[in-house]
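Data file: my_file_15.txt. Format and content: compact mmCIF, C-alpha atoms.
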# COMPACT_ATOMS: atom_id res chain seq x y z
CA MET A 796 13.26 5.55 13.83
CA LYS A 797 15.76 2.97 12.69
CA ALA A 798 13.02 0.50 11.77
CA ARG A 799 11.68 0.96 8.24
CA ILE A 800 8.07 -0.04 8.73
CA ARG A 801 6.01 -0.97 5.68
CA LYS A 802 2.93 -1.90 7.58
CA LEU A 803 1.50 -2.07 11.09
CA THR A 804 -1.42 -4.36 11.85
CA VAL A 805 -3.35 -4.69 15.08
CA PHE A 806 -5.60 -7.65 15.90
CA VAL A 807 -8.07 -7.72 18.80
CA GLU A 808 -10.04 -10.81 19.81
CA GLU A 809 -12.87 -10.63 22.30
CA THR A 810 -14.44 -13.91 23.44
CA ARG A 811 -18.00 -13.69 24.73
CA ARG A 812 -19.01 -17.37 24.83
CA GLU A 813 -17.25 -20.71 25.03
CA MET A 814 -19.00 -24.09 24.85
CA ASP A 815 -22.24 -22.17 24.89
CA ARG A 816 -21.45 -20.60 28.25
CA PRO A 817 -21.14 -16.88 28.71
CA VAL A 818 -17.62 -15.55 29.31
CA ASP A 819 -18.28 -12.54 31.51
CA PRO A 820 -16.34 -10.33 31.45
CA PRO A 821 -15.18 -11.31 27.97
CA THR A 822 -11.54 -12.31 27.58
CA ARG A 823 -9.55 -10.03 25.30
CA LYS A 824 -6.24 -10.39 23.50
CA ALA A 825 -4.46 -7.93 21.23
CA ALA A 826 -1.52 -8.42 18.92
CA ALA A 827 0.40 -5.70 17.11
CA VAL A 828 2.58 -6.64 14.16
CA ALA A 829 5.16 -4.50 12.38
CA VAL A 830 6.47 -5.50 8.98
CA ILE A 831 9.94 -4.05 8.61
CA ARG A 832 12.75 -4.19 6.09
CA ASN A 833 15.49 -6.62 7.09
CA PRO A 834 18.68 -4.58 6.71
CA PHE A 835 20.75 -7.77 6.55
CA ALA A 836 18.68 -9.78 4.08
CA GLY A 837 20.68 -11.78 1.56
CA ARG A 838 24.10 -11.56 3.26
CA TYR A 839 25.91 -12.68 6.36
CA VAL A 840 26.60 -9.81 8.73
CA GLU A 841 28.50 -10.41 11.94
CA ASP A 842 27.34 -7.41 13.96
CA LEU A 843 23.56 -7.40 14.45
CA SER A 844 23.39 -4.33 16.69
CA GLU A 845 21.16 -2.44 14.25
CA LEU A 846 18.49 -5.10 14.71
CA ILE A 847 18.92 -4.91 18.48
CA GLU A 848 18.16 -1.17 18.33
CA ILE A 849 15.15 -1.87 16.13
CA GLY A 850 13.94 -4.36 18.72
CA ALA A 851 14.05 -1.67 21.39
CA GLU A 852 12.00 0.70 19.24
CA LEU A 853 9.42 -1.92 18.38
CA GLY A 854 8.99 -3.24 21.93
CA GLY A 855 7.59 0.12 23.03
CA LEU A 856 5.66 0.89 19.85
CA LEU A 857 3.96 -2.49 19.56
CA GLY A 858 3.31 -2.80 23.30
CA ARG A 859 1.61 0.60 23.35
CA ARG A 860 -0.44 -0.26 20.26
CA CYS A 861 -1.76 -3.38 21.99
CA VAL A 862 -2.65 -1.53 25.19
CA GLU A 863 -4.38 1.21 23.15
CA ALA A 864 -6.31 -1.35 21.12
CA LEU A 865 -7.55 -2.99 24.31
CA GLY A 866 -8.49 0.43 25.67
CA ILE A 867 -6.99 -0.35 29.08
CA ALA A 868 -4.61 1.33 31.50
CA PRO A 869 -1.11 -0.18 31.19
CA GLN A 870 -1.31 -1.79 34.63
CA ALA A 871 -4.50 -3.63 33.58
CA ALA A 872 -2.52 -5.74 31.11
CA GLU A 873 -2.28 -9.32 32.39
CA SER A 874 -0.22 -11.38 29.99
CA TYR A 875 2.20 -10.85 27.14
CA GLY A 876 4.30 -12.54 24.50
CA LYS A 877 6.46 -11.79 21.47
CA ALA A 878 7.42 -13.47 18.21
CA ALA A 879 9.13 -12.79 14.90
CA MET A 880 9.10 -14.34 11.46
CA VAL A 881 12.03 -13.66 9.17
CA GLY A 882 11.53 -13.61 5.41
CA GLU A 883 13.39 -16.20 3.37
CA ASP A 884 16.50 -14.09 2.70
CA GLY A 885 17.18 -13.58 6.41
CA GLU A 886 18.34 -15.82 9.20
CA LEU A 887 16.79 -16.94 12.46
CA GLU A 888 19.49 -15.01 14.29
CA HIS A 889 17.97 -11.78 12.92
CA ALA A 890 14.73 -12.60 14.73
CA ALA A 891 16.72 -13.35 17.86
CA ALA A 892 18.51 -9.99 17.65
CA ILE A 893 15.22 -8.14 17.50
CA LEU A 894 13.45 -10.13 20.19
CA HIS A 895 15.91 -10.90 22.93
CA PRO A 896 18.47 -8.25 23.86
CA ALA A 897 16.38 -5.04 23.96
CA LEU A 898 12.70 -5.49 23.12
CA GLY A 899 11.58 -6.47 26.62
CA LYS A 900 12.38 -3.33 28.60
CA PRO A 901 10.23 -0.87 26.60
CA LEU A 902 7.50 -3.52 26.33
CA ARG A 903 7.46 -3.80 30.13
CA GLU A 904 7.13 -0.02 30.38
CA ALA A 905 4.13 -0.20 28.04
CA VAL A 906 2.37 -2.77 30.24
CA ASP A 907 3.52 -1.26 33.54
CA LYS A 908 5.80 -3.73 35.28
CA GLY A 909 6.29 -7.20 33.83
CA ALA A 910 8.45 -9.11 36.25
CA ALA A 911 8.15 -12.32 34.23
CA LEU A 912 10.09 -13.48 31.22
CA VAL A 913 8.34 -12.52 27.97
CA PRO A 914 7.61 -15.85 26.28
CA SER A 915 8.69 -15.90 22.66
CA SER A 916 8.84 -17.85 19.42
CA LYS A 917 10.51 -17.33 16.08
CA LYS A 918 10.69 -18.85 12.64
CA ARG A 919 11.64 -18.25 9.06
CA GLY A 920 8.77 -18.17 6.61
CA GLY A 921 6.98 -16.54 3.72
CA PRO A 922 3.90 -14.41 3.00
CA GLY A 923 0.72 -15.69 4.61
CA GLN A 924 2.44 -18.03 7.00
CA VAL A 925 1.03 -18.25 10.50
CA LEU A 926 3.03 -16.98 13.46
CA ASP A 927 2.00 -18.25 16.90
CA ILE A 928 2.81 -15.87 19.74
CA PRO A 929 3.05 -17.61 23.11
CA LEU A 930 1.42 -15.87 26.07
CA GLY A 931 2.23 -15.93 29.77
CA HIS A 932 1.30 -13.81 32.80
CA LYS A 933 3.40 -10.64 32.85
CA ASP A 934 4.40 -10.80 36.52
CA ALA A 935 4.42 -14.51 37.33
CA ALA A 936 5.26 -17.06 34.68
CA TYR A 937 3.60 -19.92 36.58
CA VAL A 938 0.07 -18.52 36.50
CA ARG A 939 -1.65 -21.45 34.85
CA SER A 940 -4.83 -19.67 33.71
CA HIS A 941 -2.74 -17.35 31.51
CA PHE A 942 -0.73 -19.90 29.53
CA ASP A 943 -2.09 -19.26 26.07
CA GLY A 944 -1.16 -18.20 22.57
CA MET A 945 -2.37 -16.02 19.75
CA GLU A 946 -2.10 -16.63 16.04
CA VAL A 947 -1.29 -13.80 13.63
CA TRP A 948 -0.76 -13.79 9.89
CA LEU A 949 -0.57 -11.29 7.06
CA ASN A 950 -1.17 -12.54 3.55
CA ASP A 951 1.57 -10.30 2.07
CA SER A 952 4.24 -10.66 4.76
CA PRO A 953 7.03 -11.34 5.33
CA ARG A 954 8.46 -10.76 1.88
CA ALA A 955 11.94 -12.22 1.35
CA ASP A 956 13.70 -9.10 2.64
CA GLU A 957 11.33 -8.37 5.51
CA ILE A 958 10.79 -9.33 9.14
CA MET A 959 7.40 -9.56 10.86
CA VAL A 960 7.70 -8.55 14.51
CA ALA A 961 4.76 -9.28 16.79
CA VAL A 962 3.83 -8.42 20.37
CA ALA A 963 0.69 -9.72 22.09
CA VAL A 964 -0.91 -8.30 25.25
CA THR A 965 -4.10 -9.43 27.01
CA ASP A 966 -6.29 -8.15 29.80
CA SER A 967 -7.28 -11.69 30.81
CA GLY A 968 -6.47 -15.40 30.74
CA ARG A 969 -8.16 -18.24 28.87
CA PRO A 970 -11.98 -18.08 28.61
CA LEU A 971 -13.01 -20.76 31.17
CA PRO A 972 -9.83 -21.69 33.10
CA ARG A 973 -10.29 -24.67 35.41
CA ILE A 974 -7.12 -26.73 35.59
CA GLY A 975 -5.84 -25.36 38.88
CA GLY A 976 -2.29 -24.19 39.50
CA LEU A 977 -1.15 -20.75 40.58
CA THR A 978 -3.95 -18.20 40.29
CA VAL A 979 -3.78 -14.45 39.62
CA SER A 980 -4.88 -13.67 43.18
CA GLU A 981 -1.90 -15.60 44.57
CA VAL A 982 0.74 -13.80 42.52
CA GLN A 983 3.55 -12.19 44.50
CA GLY A 984 5.13 -10.73 41.38
CA LYS A 985 8.66 -10.41 42.73
CA ASP A 986 10.73 -13.12 41.12
CA GLY A 987 8.77 -13.24 37.85
CA LEU A 988 7.79 -16.83 38.49
CA ARG A 989 5.16 -16.84 41.27
CA MET B 584 -36.34 -16.21 14.72
CA PRO B 585 -33.49 -16.62 17.23
CA GLU B 586 -31.28 -13.82 18.46
CA PRO B 587 -27.70 -14.21 17.19
CA LYS B 588 -25.49 -15.92 19.77
CA LEU B 589 -22.14 -14.23 19.67
CA ARG B 590 -19.04 -16.22 20.66
CA LYS B 591 -16.27 -13.92 19.60
CA LEU B 592 -15.50 -10.57 18.01
CA VAL B 593 -12.23 -9.99 16.16
CA THR B 594 -10.95 -6.61 15.00
CA ILE B 595 -8.06 -6.24 12.57
CA VAL B 596 -6.56 -2.89 11.57
CA GLU B 597 -3.72 -2.45 9.10
CA ASP B 598 -1.75 0.78 8.74
CA VAL B 599 0.00 0.62 5.37
CA PHE B 600 2.89 3.07 4.94
CA HIS B 601 4.30 1.91 1.61
CA GLU B 602 4.74 -1.08 -0.62
CA GLY B 603 8.15 -0.35 -2.05
CA GLY B 604 7.25 3.14 -3.32
CA PRO B 605 6.98 6.57 -1.66
CA VAL B 606 6.38 6.35 2.09
CA ARG B 607 3.17 8.01 3.32
CA ASP B 608 3.07 10.14 6.43
CA THR B 609 -0.59 9.25 6.90
CA PRO B 610 -0.95 5.53 6.31
CA LEU B 611 -3.76 3.89 4.40
CA LYS B 612 -5.93 2.06 6.91
CA ARG B 613 -7.71 -1.17 6.18
CA GLY B 614 -9.86 -2.69 8.87
CA ALA B 615 -12.13 -5.64 9.47
CA VAL B 616 -14.53 -6.69 12.19
CA LEU B 617 -15.47 -10.36 12.34
CA ALA B 618 -18.27 -11.80 14.45
CA VAL B 619 -18.34 -15.51 15.23
CA ILE B 620 -21.95 -16.50 15.86
CA GLU B 621 -23.90 -19.70 16.16
CA ASN B 622 -25.56 -20.84 12.94
CA PRO B 623 -29.13 -21.47 14.07
CA PHE B 624 -29.77 -23.65 11.00
CA ALA B 625 -26.68 -25.89 11.17
CA GLY B 626 -27.08 -29.63 10.71
CA ARG B 627 -30.41 -29.70 8.90
CA TYR B 628 -32.22 -28.28 5.89
CA GLU B 629 -34.48 -25.46 6.96
CA ALA B 630 -36.72 -23.98 4.28
CA ASP B 631 -37.59 -20.74 6.01
CA ILE B 632 -34.47 -18.84 7.00
CA ALA B 633 -34.98 -15.30 5.68
CA GLY B 634 -36.28 -13.91 8.97
CA PHE B 635 -32.79 -14.26 10.48
CA MET B 636 -31.64 -11.35 8.30
CA THR B 637 -33.62 -8.95 10.48
CA ASP B 638 -32.19 -10.53 13.63
CA LEU B 639 -28.69 -9.82 12.34
CA GLU B 640 -29.28 -6.09 11.88
CA PRO B 641 -28.38 -4.89 15.42
CA LEU B 642 -25.23 -7.03 15.44
CA GLY B 643 -24.27 -5.67 12.01
CA LEU B 644 -24.73 -2.10 13.14
CA ASP B 645 -22.64 -2.72 16.25
CA MET B 646 -19.90 -4.26 14.09
CA ALA B 647 -19.92 -1.33 11.64
CA ARG B 648 -19.61 1.18 14.49
CA ARG B 649 -16.78 -0.79 16.06
CA LEU B 650 -14.99 -0.81 12.74
CA ILE B 651 -15.31 2.94 12.24
CA ASP B 652 -14.01 3.44 15.80
CA ALA B 653 -11.07 1.13 15.12
CA LEU B 654 -10.25 3.13 11.98
CA GLY B 655 -10.09 6.43 13.86
CA GLY B 656 -13.71 7.18 14.71
CA GLU B 657 -14.64 9.34 11.72
CA ALA B 658 -17.30 7.93 9.41
CA GLY B 659 -16.33 10.60 6.85
CA ALA B 660 -12.85 9.09 6.52
CA ILE B 661 -14.17 5.78 5.17
CA GLU B 662 -13.80 5.46 1.39
CA GLY B 663 -14.05 1.75 0.63
CA TYR B 664 -16.04 -1.18 1.92
CA GLY B 665 -16.84 -4.86 1.52
CA LYS B 666 -18.38 -7.79 3.38
CA GLY B 667 -18.23 -11.55 3.53
CA ALA B 668 -19.18 -14.70 5.39
CA ILE B 669 -17.64 -18.07 6.17
CA VAL B 670 -20.11 -20.86 6.92
CA GLY B 671 -19.02 -23.75 9.17
CA GLN B 672 -19.30 -27.21 7.67
CA GLY B 673 -22.63 -27.96 9.35
CA GLY B 674 -24.27 -25.21 7.33
CA GLU B 675 -24.88 -24.31 3.71
CA LEU B 676 -23.77 -21.45 1.51
CA GLU B 677 -27.29 -20.06 1.64
CA HIS B 678 -26.80 -19.36 5.35
CA GLY B 679 -23.85 -17.14 4.43
CA ALA B 680 -26.08 -15.33 1.97
CA LEU B 681 -28.20 -14.19 4.92
CA TRP B 682 -25.46 -11.62 5.59
CA HIS B 683 -26.00 -9.70 2.32
CA VAL B 684 -28.88 -7.55 3.47
CA PRO B 685 -27.97 -6.87 7.13
CA GLY B 686 -24.28 -6.41 6.28
CA GLY B 687 -25.12 -3.73 3.74
CA TYR B 688 -27.73 -2.19 6.03
CA ALA B 689 -25.14 -1.97 8.79
CA MET B 690 -22.52 -0.21 6.68
CA ARG B 691 -24.99 2.31 5.32
CA GLY B 692 -26.50 2.83 8.77
CA ALA B 693 -23.11 3.63 10.25
CA LEU B 694 -21.67 5.59 7.30
CA GLY B 695 -24.77 7.61 6.47
CA GLU B 696 -24.69 8.15 2.73
CA ALA B 697 -23.09 5.30 0.77
CA LYS B 698 -24.41 4.75 -2.72
CA ALA B 699 -22.47 1.83 -4.17
CA ILE B 700 -23.33 -1.81 -3.84
CA VAL B 701 -21.24 -3.45 -1.08
CA PRO B 702 -19.07 -6.07 -2.81
CA SER B 703 -19.15 -9.44 -1.12
CA THR B 704 -17.97 -13.03 -1.05
CA LYS B 705 -18.75 -16.15 0.92
CA LYS B 706 -17.68 -19.74 1.33
CA VAL B 707 -18.08 -22.85 3.44
CA GLY B 708 -14.99 -23.68 5.48
CA GLY B 709 -13.47 -24.89 8.72
CA PRO B 710 -11.56 -23.20 11.55
CA GLY B 711 -8.79 -20.96 10.23
CA THR B 712 -10.31 -20.65 6.76
CA ARG B 713 -9.42 -17.31 5.24
CA LEU B 714 -11.68 -15.19 3.16
CA ASP B 715 -10.56 -12.55 0.65
CA VAL B 716 -13.14 -9.84 1.15
CA PRO B 717 -13.46 -7.61 -1.91
CA VAL B 718 -13.44 -3.84 -1.41
CA THR B 719 -14.73 -1.04 -3.64
CA HIS B 720 -15.47 2.69 -3.30
CA ILE B 721 -18.50 3.45 -1.11
CA ASN B 722 -20.17 5.79 -3.58
CA ALA B 723 -19.06 4.63 -7.02
CA SER B 724 -18.18 1.02 -7.78
CA TYR B 725 -16.03 1.93 -10.80
CA VAL B 726 -13.41 3.96 -8.91
CA ARG B 727 -10.35 2.03 -10.04
CA SER B 728 -7.94 3.17 -7.32
CA HIS B 729 -10.22 1.72 -4.63
CA PHE B 730 -10.55 -1.82 -6.00
CA ASP B 731 -8.90 -3.70 -3.18
CA ALA B 732 -9.37 -6.68 -0.86
CA MET B 733 -8.53 -7.74 2.66
CA GLU B 734 -7.82 -11.27 3.76
CA VAL B 735 -9.54 -12.16 7.03
CA GLY B 736 -10.06 -15.23 9.19
CA VAL B 737 -10.14 -16.51 12.75
CA ALA B 738 -7.89 -19.32 13.97
CA ASP B 739 -10.63 -21.24 15.79
CA ALA B 740 -13.66 -20.37 13.68
CA PRO B 741 -16.01 -21.24 12.14
CA ARG B 742 -16.73 -24.43 14.01
CA ALA B 743 -19.24 -26.70 12.25
CA ASN B 744 -22.24 -24.94 13.78
CA GLU B 745 -20.97 -21.39 13.39
CA LEU B 746 -20.91 -18.49 10.97
CA VAL B 747 -18.13 -15.92 10.65
CA LEU B 748 -19.56 -12.61 9.48
CA ALA B 749 -17.16 -9.98 8.17
CA LEU B 750 -17.26 -6.26 7.47
CA VAL B 751 -14.28 -4.48 5.90
CA MET B 752 -13.61 -0.76 5.46
CA THR B 753 -10.68 1.23 4.09
CA THR B 754 -9.69 4.89 4.32
CA GLY B 755 -8.50 5.29 0.76
CA ALA B 756 -7.01 4.02 -2.46
CA ARG B 757 -4.42 1.27 -2.78
CA ILE B 758 -1.17 2.60 -1.39
CA HIS B 759 0.53 3.18 -4.76
CA ALA B 760 -2.56 3.32 -7.04
CA ARG B 761 -1.52 4.41 -10.53
CA ILE B 762 -3.43 2.56 -13.23
CA GLY B 763 -5.85 5.30 -14.26
CA GLY B 764 -9.61 4.87 -14.59
CA LEU B 765 -12.34 6.72 -12.71
CA LYS B 766 -10.86 8.80 -9.89
CA ALA B 767 -12.47 9.32 -6.50
CA GLU B 768 -12.54 13.09 -7.06
CA ASP B 769 -14.50 12.65 -10.32
CA VAL B 770 -17.30 10.60 -8.78
CA LYS B 771 -20.80 11.92 -9.50
CA GLY B 772 -22.28 9.69 -6.81
CA GLU B 773 -25.76 9.41 -8.28
CA ASP B 774 -26.10 5.84 -9.47
CA GLY B 775 -23.60 4.12 -7.20
CA LEU B 776 -21.46 3.21 -10.19
CA ARG B 777 -19.65 6.39 -11.38
Represent the structure contained in this file as structure tokens.
Amino acid sequence: MKARIRKLTVFVEETRREMDRPVDPPTRKAAAVAVIRNPFAGRYVEDLSELIEIGAELGGLLGRRCVEALGIAPQAAESYGKAAMVGEDGELEHAAAILHPALGKPLREAVDKGAALVPSSKKRGGPGQVLDIPLGHKDAAYVRSHFDGMEVWLNDSPRADEIMVAVAVTDSGRPLPRIGGLTVSEVQGKDGLR
Amino acid sequence: MPEPKLRKLVTIVEDVFHEGGPVRDTPLKRGAVLAVIENPFAGRYEADIAGFMTDLEPLGLDMARRLIDALGGEAGAIEGYGKGAIVGQGGELEHGALWHVPGGYAMRGALGEAKAIVPSTKKVGGPGTRLDVPVTHINASYVRSHFDAMEVGVADAPRANELVLALVMTTGARIHARIGGLKAEDVKGEDGLR
């Protein structure tokens, strides 16, 4: 592996009630976070291809970790998202190199299909800072019940020369969705939008 | 006494490979399970609350089993533990103290033999409040390599009328433990201390 991983953390949230109503079946979200060394911390480097390769490795690894943590078959995954936080000696472009060129394809293999864009966010920050991962339906970005997000944080990451890379996968939408829009049952799943 | 009303369960598992020193093939695992439940005593002073400790026992046991599963499924691999509670602003610290007995009962129930006192902490807080849960060796509190802690919290909990209950377990010493003191292999395991 190109990525030098210091730590891998997996979060799973299972919601059973909301506003004192049962959520049945419970909604479940998982996020997997890798804390890696930033090979370009502290200097300007023109060619970021090493980070692009790392992104490809982590897309598969973190996607599989999420699916495993949910205990579901890959095709049962419903929504996904990705995010990265670069430690203070790195630049936002490092997060972009990990997230955008190559992370998506292996992530889509891990969740079986994934016609939709993987929603993403990025920031520079320090240890303990919160990273919000946006979530959208994996096959149709307009599914309104699945617009969501998941917060992750690690008290000791990212250190100045590290990058926190996060992938979130769910097997469900929000707990009590009721604002209309495109529903899961109407998804065609061809163009990634509807 | 009321049955605990569970809104949400959160599981967090960290695989720690290194912290700047030698990289481990088998990572140290640290895990937490958090239950967000309704505080049946929120918003008023209730003199008689102790009966709720018994009501929390089945939930505690379920949480402890989930945690062992999340850490690989082997109770024998667990070496450190701790517990904690965050009380929403409509409650009092004493409500968090209700977790002491069932939290400890749950860990011992799921781990079988565990001689040491379960270290703990608690606080009153709002949504997103984090709690540093102390961790010590399960059979001998003085094992220096196993003094540790795990920061936990839930973005949307506790609400004013909720409690967040936490259990934490680890599979070993701090990743680069090297400050001497009582070693795990020298534990007598009779008094829970050494």
Check: which chain B residues lie within 10 Å of chain A using all atoms listed in the file, as a PyMOL selection string
chain B and resi 588-604+606-607+610-621+653+711+713+715+733-739
Please determine, counting all atoms listed in the file, which residue among A:Ala890, A:Ile831, A:Val982, A:Val962 has the shortest atom-to-atom distance to Val938 in chain A.
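For Val938 in chain A, the nearest of the candidates is A:Val982.
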CA of Arg989 in chain A to CA of Pro970 in chain A: how many Å, to one decimal?
21.3 Å
Given only C-alpha atoms as the counted atoms, nearest of B:Leu714, B:Lys771, B:Tyr664, B:Asp731 to Ile758 in chain B:
B:Asp731
Taking into account all atoms listed in the file, which residue in the set B:Ser728, B:Leu748, B:Ala760, B:Ile721 is nearest to Ala660 in chain B?
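The answer is B:Ile721, which sits nearest to Ala660 in chain B.
Look at range 926-933 of chain A: the protein and nucleic acid residues within 7 Å of it, using all atoms listed in the file and passing over chain neighbours fewer than 2 places away, are Glu873, Ser874, Tyr875, Gly876, Lys877, Ala878, Met880, Gly909, Ala910, Ala911, Pro914, Ser915, Ser916, Gln924, Ala935, Ala936, Val938, His941, Phe942, Asp943, Gly944, Met945, Glu946, Val947, Trp948 and Ala963 of chain A.
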Which one of A:Ala905, A:Ile974, A:Leu988, A:Leu887 sits closest to Tyr839 in chain A if you count only C-alpha atoms?
A:Leu887
Gap from CA of Arg973 in chain A to CA of Leu912 in chain A - Å, one decimal
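That distance, rounded to one decimal, is 23.6 Å.
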Please provide as a list in words all residues within 9 Å of range 723-726 of chain B, with the sequence filter that same-chain residues fewer than 6 positions apart are discarded (counting only C-alpha atoms).
Ala697, Lys698, Ala699, Ile700, Val701, Pro702, Gly764, Leu765, Lys766, Ala767, Asp769, Val770, Lys771, Gly772, Glu773, Asp774, Gly775, Leu776 and Arg777 of chain B
Go ahead and compute the interatomic distance for CA of Ala633 in chain B and CA of Ala740 in chain B, in Å to one decimal.
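According to the coordinates, CA of Ala633 in chain B and CA of Ala740 in chain B are separated by 23.3 Å.
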Need the axis-aligned box for range 753-772 of chain B with 5 Å each side, so what are the centre and edges in Å to one decimal, as JSON?
{"center_x": -10.9, "center_y": 7.2, "center_z": -5.1, "size_x": 32.8, "size_y": 21.9, "size_z": 28.9}
Would you kindly return, as a PyMOL selection string, each protein, DNA or RNA residue with an atom no farther than 8 Å from any atom of Gly686 in chain B, considering all atoms listed in the file and excluding same-chain residues fewer than 4 positions away?
chain B and resi 640+643+666+682+690+750
Residues within 6 Å of Gly667 in chain B, please, as a list in words. Count all atoms listed in the file; anything in the same chain fewer than 3 positions from it doesn't count.
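Answer for this query is Ser703, Thr704, Lys705, Val716 and Ala749 of chain B.
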